file query-v2.tsv (TSV, C-alpha atoms)
chain	number	residue	atom	x	y	z
I	1	LYS	CA	17.20	3.28	17.73
I	2	ASN	CA	16.19	5.65	14.93
I	3	GLU	CA	18.89	7.87	13.49
I	4	VAL	CA	16.49	10.85	13.81
I	5	GLU	CA	14.35	11.28	16.91
I	6	GLN	CA	11.72	13.98	17.36
I	7	SER	CA	9.93	15.15	20.47
I	8	PRO	CA	7.21	15.51	21.37
I	9	GLN	CA	5.22	13.15	19.15
I	10	ASN	CA	2.05	15.14	19.74
I	11	LEU	CA	1.64	18.73	20.86
I	12	THR	CA	-1.51	20.71	21.57
I	13	ALA	CA	-1.32	24.46	22.10
I	14	GLN	CA	-3.58	27.45	22.46
I	15	GLU	CA	-3.50	30.17	19.84
I	16	GLY	CA	-0.73	32.64	20.57
I	17	GLU	CA	1.53	30.25	22.45
I	18	PHE	CA	5.23	29.83	21.73
I	19	ILE	CA	5.94	26.32	20.44
I	20	THR	CA	9.15	24.29	20.35
I	21	ILE	CA	9.70	21.00	18.54
I	22	ASN	CA	12.98	19.17	19.06
I	23	CYS	CA	15.04	16.92	16.82
I	24	SER	CA	18.08	14.83	17.78
I	25	TYR	CA	20.17	12.80	15.36
I	26	SER	CA	22.96	10.29	15.71
I	27	VAL	CA	24.86	10.56	12.43
I	28	GLY	CA	27.21	13.09	10.92
I	29	ILE	CA	25.21	15.38	8.71
I	30	SER	CA	25.77	17.81	5.86
I	31	ALA	CA	22.37	19.46	6.40
I	32	LEU	CA	19.16	19.23	8.41
I	33	HIS	CA	15.72	19.95	7.01
I	34	TRP	CA	12.46	20.96	8.64
I	35	LEU	CA	9.33	20.06	6.69
I	36	GLN	CA	5.62	20.69	7.18
I	37	GLN	CA	2.94	18.19	6.19
I	38	HIS	CA	-0.69	19.32	6.08
I	39	PRO	CA	-3.66	16.95	6.45
I	40	GLY	CA	-3.92	16.53	2.67
I	41	GLY	CA	-0.49	14.94	2.71
I	42	GLY	CA	1.64	17.29	0.63
I	43	ILE	CA	4.94	18.35	2.17
I	44	VAL	CA	6.44	21.84	2.18
I	45	SER	CA	10.10	22.51	2.90
I	46	LEU	CA	10.48	25.06	5.70
I	47	PHE	CA	14.21	25.22	6.33
I	48	MET	CA	17.50	23.70	5.25
I	49	LEU	CA	20.33	24.46	7.66
I	50	SER	CA	23.81	23.26	8.45
I	51	SER	CA	24.72	25.70	11.22
I	52	GLY	CA	23.34	28.48	13.37
I	53	LYS	CA	19.84	29.79	13.00
I	54	LYS	CA	17.33	30.70	10.30
I	55	LYS	CA	14.12	32.70	10.53
I	56	HIS	CA	11.16	32.93	8.21
I	57	GLY	CA	8.17	34.89	9.44
I	58	ARG	CA	7.04	33.35	12.75
I	59	LEU	CA	9.21	30.27	12.29
I	60	ILE	CA	12.73	29.95	13.65
I	61	ALA	CA	15.04	26.95	13.24
I	62	THR	CA	18.26	26.42	15.15
I	63	ILE	CA	20.91	23.74	15.02
I	64	ASN	CA	23.77	22.75	17.32
I	65	ILE	CA	26.12	20.53	15.35
I	66	GLN	CA	28.25	19.57	18.37
I	67	GLU	CA	25.20	18.38	20.33
I	68	LYS	CA	23.51	16.91	17.20
I	69	HIS	CA	20.31	18.73	18.03
I	70	SER	CA	17.93	21.08	16.25
I	71	SER	CA	14.82	22.96	17.33
I	72	LEU	CA	11.92	24.45	15.41
I	73	HIS	CA	10.14	27.32	17.13
I	74	ILE	CA	6.82	28.87	16.21
I	75	THR	CA	6.04	32.25	17.74
I	76	ALA	CA	2.47	33.51	18.20
I	77	SER	CA	1.03	30.19	17.06
I	78	HIS	CA	-2.16	30.14	15.00
I	79	PRO	CA	-4.66	27.36	14.15
I	80	ARG	CA	-3.36	27.37	10.56
I	81	ASP	CA	-0.02	26.15	11.95
I	82	SER	CA	-1.70	22.84	12.78
I	83	ALA	CA	0.20	20.21	10.81
I	84	VAL	CA	2.81	17.49	11.14
I	85	TYR	CA	6.34	18.86	11.40
I	86	ILE	CA	9.09	16.55	10.20
I	87	CYS	CA	12.81	16.72	10.82
I	88	ALA	CA	15.09	15.10	8.21
I	89	VAL	CA	18.85	14.87	7.89
I	90	ARG	CA	21.18	14.48	4.96
I	91	SER	CA	24.06	12.38	6.22
I	92	TRP	CA	27.55	12.44	4.75
I	93	GLU	CA	27.72	8.74	5.73
I	94	THR	CA	25.23	7.73	3.01
I	95	SER	CA	25.52	8.16	-0.72
I	96	GLY	CA	23.91	10.86	-2.77
I	97	SER	CA	21.44	13.39	-1.43
I	98	ARG	CA	19.00	11.03	0.28
I	99	LEU	CA	17.27	12.07	3.49
I	100	THR	CA	16.56	10.18	6.72
I	101	PHE	CA	13.34	11.28	8.38
I	102	GLY	CA	12.04	11.51	11.91
I	103	GLU	CA	8.54	10.24	12.62
I	104	GLY	CA	7.08	13.71	12.83
I	105	THR	CA	5.39	15.87	15.48
I	106	GLN	CA	1.65	16.35	15.20
I	107	LEU	CA	0.89	19.95	16.22
I	108	THR	CA	-2.65	21.10	16.95
I	109	VAL	CA	-3.26	24.77	17.71
I	110	ASN	CA	-6.68	25.52	19.17
I	111	PRO	CA	-8.37	28.91	18.76
R	1	ASP	CA	5.21	28.13	-11.26
R	2	GLY	CA	7.69	25.29	-11.01
R	3	GLY	CA	6.85	22.25	-8.99
R	4	ILE	CA	6.17	18.55	-8.82
R	5	THR	CA	2.95	16.99	-10.07
R	6	GLN	CA	1.85	13.62	-8.81
R	7	SER	CA	-1.15	11.89	-10.26
R	8	PRO	CA	-3.60	10.61	-9.42
R	9	LYS	CA	-4.24	11.85	-5.87
R	10	TYR	CA	-6.22	8.71	-4.98
R	11	LEU	CA	-5.85	5.32	-6.61
R	12	PHE	CA	-7.68	2.07	-6.00
R	13	ARG	CA	-6.49	-1.24	-7.39
R	14	LYS	CA	-7.33	-4.87	-6.98
R	15	GLU	CA	-4.84	-7.18	-5.35
R	16	GLY	CA	-2.48	-8.75	-7.87
R	17	GLN	CA	-2.53	-5.85	-10.32
R	18	ASN	CA	0.48	-3.71	-11.12
R	19	VAL	CA	-0.08	0.03	-10.87
R	20	THR	CA	2.06	2.98	-12.00
R	21	LEU	CA	2.22	6.27	-10.11
R	22	SER	CA	3.18	9.35	-12.07
R	23	CYS	CA	5.68	12.01	-10.97
R	24	GLU	CA	6.60	14.98	-13.18
R	25	GLN	CA	8.76	17.99	-12.30
R	26	ASN	CA	9.48	21.19	-14.20
R	27	LEU	CA	12.19	22.42	-11.82
R	28	ASN	CA	15.09	21.12	-13.91
R	29	HIS	CA	16.28	19.11	-10.89
R	30	ASP	CA	18.67	16.25	-11.56
R	31	ALA	CA	17.76	14.13	-8.53
R	32	MET	CA	14.36	12.58	-7.88
R	33	TYR	CA	13.03	10.31	-5.13
R	34	TRP	CA	10.11	8.10	-4.21
R	35	TYR	CA	9.08	7.74	-0.57
R	36	ARG	CA	6.45	5.66	1.15
R	37	GLN	CA	4.60	6.84	4.26
R	38	ASP	CA	2.63	4.58	6.58
R	39	PRO	CA	0.59	5.78	9.57
R	40	GLY	CA	2.79	6.59	12.55
R	41	GLN	CA	6.02	6.04	10.64
R	42	GLY	CA	8.57	8.31	9.05
R	43	LEU	CA	8.99	8.47	5.30
R	44	ARG	CA	11.00	5.60	3.87
R	45	LEU	CA	12.98	5.73	0.64
R	46	ILE	CA	11.91	3.36	-2.12
R	47	TYR	CA	14.09	4.42	-5.07
R	48	TYR	CA	16.09	7.45	-6.08
R	49	SER	CA	17.69	8.73	-9.24
R	50	GLN	CA	20.60	11.15	-9.36
R	51	ILE	CA	20.59	11.51	-13.12
R	52	VAL	CA	18.68	10.43	-16.23
R	53	ASN	CA	18.94	6.73	-17.10
R	54	ASP	CA	20.30	5.87	-13.65
R	55	PHE	CA	18.57	4.95	-10.40
R	56	GLN	CA	19.36	3.18	-7.13
R	57	LYS	CA	17.37	1.13	-4.66
R	58	GLY	CA	16.44	2.73	-1.39
R	59	ASP	CA	15.62	1.02	1.88
R	60	ILE	CA	12.37	-0.69	0.81
R	61	ALA	CA	12.70	-1.31	-2.95
R	62	GLU	CA	11.32	-4.86	-2.98
R	63	GLY	CA	8.10	-5.06	-5.00
R	64	TYR	CA	8.67	-1.72	-6.73
R	65	SER	CA	10.26	-0.63	-10.01
R	66	VAL	CA	11.12	2.74	-11.55
R	67	SER	CA	12.44	4.26	-14.75
R	68	ARG	CA	14.15	7.57	-15.51
R	69	GLU	CA	14.07	8.02	-19.25
R	70	LYS	CA	13.53	11.78	-19.05
R	71	LYS	CA	14.86	14.33	-16.58
R	72	GLU	CA	11.39	15.57	-15.69
R	73	SER	CA	9.70	12.19	-15.16
R	74	PHE	CA	10.23	9.45	-12.57
R	75	PRO	CA	7.29	6.97	-12.57
R	76	LEU	CA	6.96	4.33	-9.87
R	77	THR	CA	5.37	0.95	-10.54
R	78	VAL	CA	3.95	-0.95	-7.58
R	79	THR	CA	4.04	-4.58	-8.63
R	80	SER	CA	1.99	-7.51	-7.42
R	81	ALA	CA	5.12	-8.68	-5.56
R	82	GLN	CA	4.75	-5.82	-3.05
R	83	LYS	CA	3.11	-7.48	-0.05
R	84	ASN	CA	1.56	-4.40	1.58
R	85	PRO	CA	1.09	-1.80	-1.15
R	86	THR	CA	-1.61	0.27	0.53
R	87	ALA	CA	0.16	3.46	1.59
R	88	PHE	CA	0.77	7.13	0.84
R	89	TYR	CA	3.45	7.69	-1.81
R	90	LEU	CA	5.43	10.91	-2.12
R	91	CYS	CA	7.70	11.98	-4.93
R	92	ALA	CA	10.43	14.58	-4.42
R	93	SER	CA	13.23	16.24	-6.30
R	94	SER	CA	16.29	18.11	-5.11
R	95	ASP	CA	18.64	20.89	-5.99
R	96	LEU	CA	21.00	21.29	-3.06
R	97	ASP	CA	22.08	24.74	-4.25
R	98	SER	CA	18.52	26.06	-3.77
R	99	PRO	CA	17.41	27.62	-0.43
R	100	TYR	CA	15.28	24.66	0.66
R	101	GLY	CA	17.03	21.83	-1.12
R	102	TYR	CA	14.03	19.62	-1.73
R	103	THR	CA	10.62	19.97	-3.34
R	104	PHE	CA	7.85	17.48	-2.65
R	105	GLY	CA	4.76	16.51	-4.56
R	106	SER	CA	1.29	16.36	-3.05
R	107	GLY	CA	1.31	12.57	-2.91
R	108	THR	CA	-0.75	9.64	-4.15
R	109	ARG	CA	-2.80	7.57	-1.72
R	110	LEU	CA	-2.90	4.00	-3.03
R	111	THR	CA	-5.45	1.54	-1.71
R	112	VAL	CA	-5.30	-2.08	-2.78
R	113	VAL	CA	-8.43	-4.13	-2.15
call {"tool": "encode", "arguments": {"input": "query-v2.tsv", "output": "structure tokens"}}
result
Amino acid sequence: KNEVEQSPQNLTAQEGEFITINCSYSVGISALHWLQQHPGGGIVSLFMLSSGKKKHGRLIATINIQEKHSSLHITASHPRDSAVYICAVRSWETSGSRLTFGEGTQLTVNP
Amino acid sequence: DGGITQSPKYLFRKEGQNVTLSCEQNLNHDAMYWYRQDPGQGLRLIYYSQIVNDFQKGDIAEGYSVSREKKESFPLTVTSAQKNPTAFYLCASSDLDSPYGYTFGSGTRLTVV
């Protein structure tokens, strides 16, 4: 079983819809990261969080440490949001600042 | 603007040849990482370096080598001992006091024929 599990694997939405991507993890963590990977392959960091909730524009990330679960929400989705969204955790059980990654959620937003 | 530069974006090599992927950062980050991405799989750690002149093996280090002679540079060599080198390679650096923690490069897609 992977230490970081994401759901769904694939998600198709219509423009304007509210989107939720989920991430569950099985290790103790010092932080959780949400990343965005566009078709060209480069990755952009969206959020780093260790508790509560963060918001940036139309993106909202929440984390529940007790339940070992995080969600990424996109409000008023747009075709330019189409990308792979990756959850990654920094565990205090491993050395240094290395990350463990989920397999990603492929999001497609249709106009 | 500060960031990470990976070059080249696409690289083709013949089987049996060593190849070196470049990664340069001007963020003044101490830690740097190399990840490999295969279709349908999460990123896997090849090597990481917390400080100049020091590096550690990640989960899939076999067939790879690195050096960290300068803070801003962390080149990865894919050797002929790597059995399945065709993949997408991403370099990253981190400063855990920054808002996002990690910065990633745009990647190098290596194809071995």
call {"tool": "closest_atom_pairs", "arguments": {"input": "query-v2.tsv", "of": "chain I", "to": "chain R", "cutoff": "8 Å", "atoms": "only C-alpha atoms", "output": "Markdown table"}}
result
| residue | atom | partner | partner_atom | distance |
| --- | --- | --- | --- | --- |
| I:His33 | CA | R:Tyr100 | CA | 7.9 |
| I:Gly40 | CA | R:Ser106 | CA | 7.7 |
| I:Gly41 | CA | R:Ser106 | CA | 6.2 |
| I:Gly42 | CA | R:Ser106 | CA | 3.8 |
| I:Ile43 | CA | R:Phe104 | CA | 5.7 |
| I:Val44 | CA | R:Phe104 | CA | 6.7 |
| I:Ser45 | CA | R:Tyr100 | CA | 6.0 |
| I:Leu46 | CA | R:Tyr100 | CA | 7.0 |
| I:Phe47 | CA | R:Tyr100 | CA | 5.8 |
| I:Met48 | CA | R:Tyr100 | CA | 5.2 |
| I:Gly96 | CA | R:Gln50 | CA | 7.4 |
| I:Ser97 | CA | R:Ser94 | CA | 7.9 |
| I:Arg98 | CA | R:Tyr48 | CA | 7.9 |
| I:Thr100 | CA | R:Arg44 | CA | 7.7 |
| I:Phe101 | CA | R:Gly42 | CA | 5.7 |
| I:Gly102 | CA | R:Gly42 | CA | 5.5 |
| I:Glu103 | CA | R:Gly42 | CA | 4.1 |
| I:Gly104 | CA | R:Gly42 | CA | 6.8 |
call {"tool": "residues_near_point", "arguments": {"input": "query-v2.tsv", "point": "(-0.9, 25.3, 20.5)", "cutoff": "10 Å", "atoms": "all atoms listed in the file", "output": "mmCIF file with C-alpha atoms, in the coordinates of the input"}}
result
data_model
loop_
_atom_site.group_PDB
_atom_site.id
_atom_site.type_symbol
_atom_site.label_atom_id
_atom_site.label_comp_id
_atom_site.auth_asym_id
_atom_site.auth_seq_id
_atom_site.Cartn_x
_atom_site.Cartn_y
_atom_site.Cartn_z
ATOM 1 C CA LEU I 11 1.640 18.730 20.860
ATOM 2 C CA THR I 12 -1.510 20.710 21.570
ATOM 3 C CA ALA I 13 -1.320 24.460 22.100
ATOM 4 C CA GLN I 14 -3.580 27.450 22.460
ATOM 5 C CA GLU I 15 -3.500 30.170 19.840
ATOM 6 C CA GLY I 16 -0.730 32.640 20.570
ATOM 7 C CA GLU I 17 1.530 30.250 22.450
ATOM 8 C CA PHE I 18 5.230 29.830 21.730
ATOM 9 C CA ILE I 19 5.940 26.320 20.440
ATOM 10 C CA ILE I 74 6.820 28.870 16.210
ATOM 11 C CA ALA I 76 2.470 33.510 18.200
ATOM 12 C CA SER I 77 1.030 30.190 17.060
ATOM 13 C CA HIS I 78 -2.160 30.140 15.000
ATOM 14 C CA PRO I 79 -4.660 27.360 14.150
ATOM 15 C CA ASP I 81 -0.020 26.150 11.950
ATOM 16 C CA SER I 82 -1.700 22.840 12.780
ATOM 17 C CA LEU I 107 0.890 19.950 16.220
ATOM 18 C CA THR I 108 -2.650 21.100 16.950
ATOM 19 C CA VAL I 109 -3.260 24.770 17.710
ATOM 20 C CA ASN I 110 -6.680 25.520 19.170
ATOM 21 C CA PRO I 111 -8.370 28.910 18.760
#
call {"tool": "atom_distance", "arguments": {"input": "query-v2.tsv", "atom1": "CA of Asp54 in chain R", "atom2": "CA of Leu49 in chain I"}}
result
28.3 Å
call {"tool": "closest_residue", "arguments": {"input": "query-v2.tsv", "among": "R:His29, R:Val112, R:Arg13, R:Pro85", "to": "Ser73 in chain R", "atoms": "all atoms listed in the file"}}
result
R:His29
call {"tool": "closest_residue", "arguments": {"input": "query-v2.tsv", "among": "R:Glu72, R:Ser7, R:Lys57, R:Ser67", "to": "Tyr35 in chain R", "atoms": "all atoms listed in the file"}}
result
R:Lys57
call {"tool": "atom_distance", "arguments": {"input": "query-v2.tsv", "atom1": "CA of Pro8 in chain I", "atom2": "CA of Leu99 in chain I"}}
result
20.8 Å
call {"tool": "build_atoms", "arguments": {"input": "query-v2.tsv", "residues": "range 83-94 of chain R", "atoms": "all heavy atoms", "output": "PDB file, in the coordinates of the input"}}
result
ATOM      1  N   LYS R  83       4.058  -6.785  -0.938  1.00  0.00           N
ATOM      2  CA  LYS R  83       3.110  -7.480  -0.050  1.00  0.00           C
ATOM      3  C   LYS R  83       2.094  -6.552   0.600  1.00  0.00           C
ATOM      4  O   LYS R  83       0.960  -6.938   0.855  1.00  0.00           O
ATOM      5  CB  LYS R  83       3.883  -8.241   1.015  1.00  0.00           C
ATOM      6  CG  LYS R  83       4.662  -9.436   0.462  1.00  0.00           C
ATOM      7  CD  LYS R  83       5.308 -10.246   1.536  1.00  0.00           C
ATOM      8  CE  LYS R  83       5.947 -11.541   1.063  1.00  0.00           C
ATOM      9  NZ  LYS R  83       6.395 -11.592  -0.300  1.00  0.00           N
ATOM     10  N   ASN R  84       2.467  -5.351   0.905  1.00  0.00           N
ATOM     11  CA  ASN R  84       1.560  -4.400   1.580  1.00  0.00           C
ATOM     12  C   ASN R  84       1.574  -3.066   0.834  1.00  0.00           C
ATOM     13  O   ASN R  84       2.144  -2.092   1.319  1.00  0.00           O
ATOM     14  CB  ASN R  84       1.984  -4.183   3.029  1.00  0.00           C
ATOM     15  CG  ASN R  84       1.875  -5.445   3.859  1.00  0.00           C
ATOM     16  OD1 ASN R  84       0.799  -5.983   4.061  1.00  0.00           O
ATOM     17  ND2 ASN R  84       3.011  -5.925   4.333  1.00  0.00           N
ATOM     18  N   PRO R  85       0.957  -2.993  -0.331  1.00  0.00           N
ATOM     19  CA  PRO R  85       1.090  -1.800  -1.150  1.00  0.00           C
ATOM     20  C   PRO R  85       0.244  -0.608  -0.706  1.00  0.00           C
ATOM     21  O   PRO R  85       0.524   0.514  -1.118  1.00  0.00           O
ATOM     22  CB  PRO R  85       0.647  -2.272  -2.534  1.00  0.00           C
ATOM     23  CG  PRO R  85      -0.277  -3.408  -2.251  1.00  0.00           C
ATOM     24  CD  PRO R  85       0.250  -4.078  -1.026  1.00  0.00           C
ATOM     25  N   THR R  86      -0.748  -0.835   0.107  1.00  0.00           N
ATOM     26  CA  THR R  86      -1.610   0.270   0.530  1.00  0.00           C
ATOM     27  C   THR R  86      -0.802   1.231   1.383  1.00  0.00           C
ATOM     28  O   THR R  86      -0.293   0.867   2.445  1.00  0.00           O
ATOM     29  CB  THR R  86      -2.814  -0.256   1.325  1.00  0.00           C
ATOM     30  OG1 THR R  86      -3.628  -1.031   0.448  1.00  0.00           O
ATOM     31  CG2 THR R  86      -3.631   0.885   1.902  1.00  0.00           C
ATOM     32  N   ALA R  87      -0.660   2.469   0.904  1.00  0.00           N
ATOM     33  CA  ALA R  87       0.160   3.460   1.590  1.00  0.00           C
ATOM     34  C   ALA R  87       0.021   4.800   0.875  1.00  0.00           C
ATOM     35  O   ALA R  87      -0.636   4.914  -0.161  1.00  0.00           O
ATOM     36  CB  ALA R  87       1.637   3.047   1.605  1.00  0.00           C
ATOM     37  N   PHE R  88       0.679   5.804   1.446  1.00  0.00           N
ATOM     38  CA  PHE R  88       0.770   7.130   0.840  1.00  0.00           C
ATOM     39  C   PHE R  88       2.146   7.247   0.208  1.00  0.00           C
ATOM     40  O   PHE R  88       3.158   6.977   0.859  1.00  0.00           O
ATOM     41  CB  PHE R  88       0.556   8.190   1.921  1.00  0.00           C
ATOM     42  CG  PHE R  88       0.478   9.587   1.404  1.00  0.00           C
ATOM     43  CD1 PHE R  88      -0.560   9.992   0.590  1.00  0.00           C
ATOM     44  CD2 PHE R  88       1.438  10.524   1.754  1.00  0.00           C
ATOM     45  CE1 PHE R  88      -0.640  11.291   0.120  1.00  0.00           C
ATOM     46  CE2 PHE R  88       1.366  11.825   1.291  1.00  0.00           C
ATOM     47  CZ  PHE R  88       0.325  12.213   0.470  1.00  0.00           C
ATOM     48  N   TYR R  89       2.185   7.628  -1.086  1.00  0.00           N
ATOM     49  CA  TYR R  89       3.450   7.690  -1.810  1.00  0.00           C
ATOM     50  C   TYR R  89       3.771   9.132  -2.180  1.00  0.00           C
ATOM     51  O   TYR R  89       2.937   9.839  -2.763  1.00  0.00           O
ATOM     52  CB  TYR R  89       3.368   6.823  -3.079  1.00  0.00           C
ATOM     53  CG  TYR R  89       3.278   5.349  -2.767  1.00  0.00           C
ATOM     54  CD1 TYR R  89       2.051   4.732  -2.575  1.00  0.00           C
ATOM     55  CD2 TYR R  89       4.433   4.577  -2.657  1.00  0.00           C
ATOM     56  CE1 TYR R  89       1.966   3.383  -2.268  1.00  0.00           C
ATOM     57  CE2 TYR R  89       4.359   3.224  -2.362  1.00  0.00           C
ATOM     58  CZ  TYR R  89       3.127   2.640  -2.163  1.00  0.00           C
ATOM     59  OH  TYR R  89       3.050   1.293  -1.867  1.00  0.00           O
ATOM     60  N   LEU R  90       4.971   9.541  -1.844  1.00  0.00           N
ATOM     61  CA  LEU R  90       5.430  10.910  -2.120  1.00  0.00           C
ATOM     62  C   LEU R  90       6.627  10.892  -3.047  1.00  0.00           C
ATOM     63  O   LEU R  90       7.567  10.120  -2.860  1.00  0.00           O
ATOM     64  CB  LEU R  90       5.819  11.605  -0.820  1.00  0.00           C
ATOM     65  CG  LEU R  90       4.697  12.308  -0.071  1.00  0.00           C
ATOM     66  CD1 LEU R  90       5.069  12.515   1.368  1.00  0.00           C
ATOM     67  CD2 LEU R  90       4.364  13.635  -0.733  1.00  0.00           C
ATOM     68  N   CYS R  91       6.588  11.785  -4.013  1.00  0.00           N
ATOM     69  CA  CYS R  91       7.700  11.980  -4.930  1.00  0.00           C
ATOM     70  C   CYS R  91       8.389  13.292  -4.556  1.00  0.00           C
ATOM     71  O   CYS R  91       7.733  14.238  -4.094  1.00  0.00           O
ATOM     72  CB  CYS R  91       7.173  12.045  -6.358  1.00  0.00           C
ATOM     73  SG  CYS R  91       8.415  12.326  -7.619  1.00  0.00           S
ATOM     74  N   ALA R  92       9.692  13.362  -4.724  1.00  0.00           N
ATOM     75  CA  ALA R  92      10.430  14.580  -4.420  1.00  0.00           C
ATOM     76  C   ALA R  92      11.557  14.756  -5.422  1.00  0.00           C
ATOM     77  O   ALA R  92      11.960  13.800  -6.102  1.00  0.00           O
ATOM     78  CB  ALA R  92      10.990  14.539  -3.000  1.00  0.00           C
ATOM     79  N   SER R  93      12.042  15.984  -5.504  1.00  0.00           N
ATOM     80  CA  SER R  93      13.230  16.240  -6.300  1.00  0.00           C
ATOM     81  C   SER R  93      14.128  17.184  -5.509  1.00  0.00           C
ATOM     82  O   SER R  93      13.677  17.815  -4.553  1.00  0.00           O
ATOM     83  CB  SER R  93      12.867  16.867  -7.655  1.00  0.00           C
ATOM     84  OG  SER R  93      12.330  18.168  -7.481  1.00  0.00           O
ATOM     85  N   SER R  94      15.397  17.263  -5.886  1.00  0.00           N
ATOM     86  CA  SER R  94      16.290  18.110  -5.110  1.00  0.00           C
ATOM     87  C   SER R  94      17.273  18.873  -5.974  1.00  0.00           C
ATOM     88  O   SER R  94      17.725  18.411  -7.021  1.00  0.00           O
ATOM     89  CB  SER R  94      17.052  17.271  -4.064  1.00  0.00           C
ATOM     90  OG  SER R  94      17.991  16.425  -4.686  1.00  0.00           O
TER      91      SER R  94
END
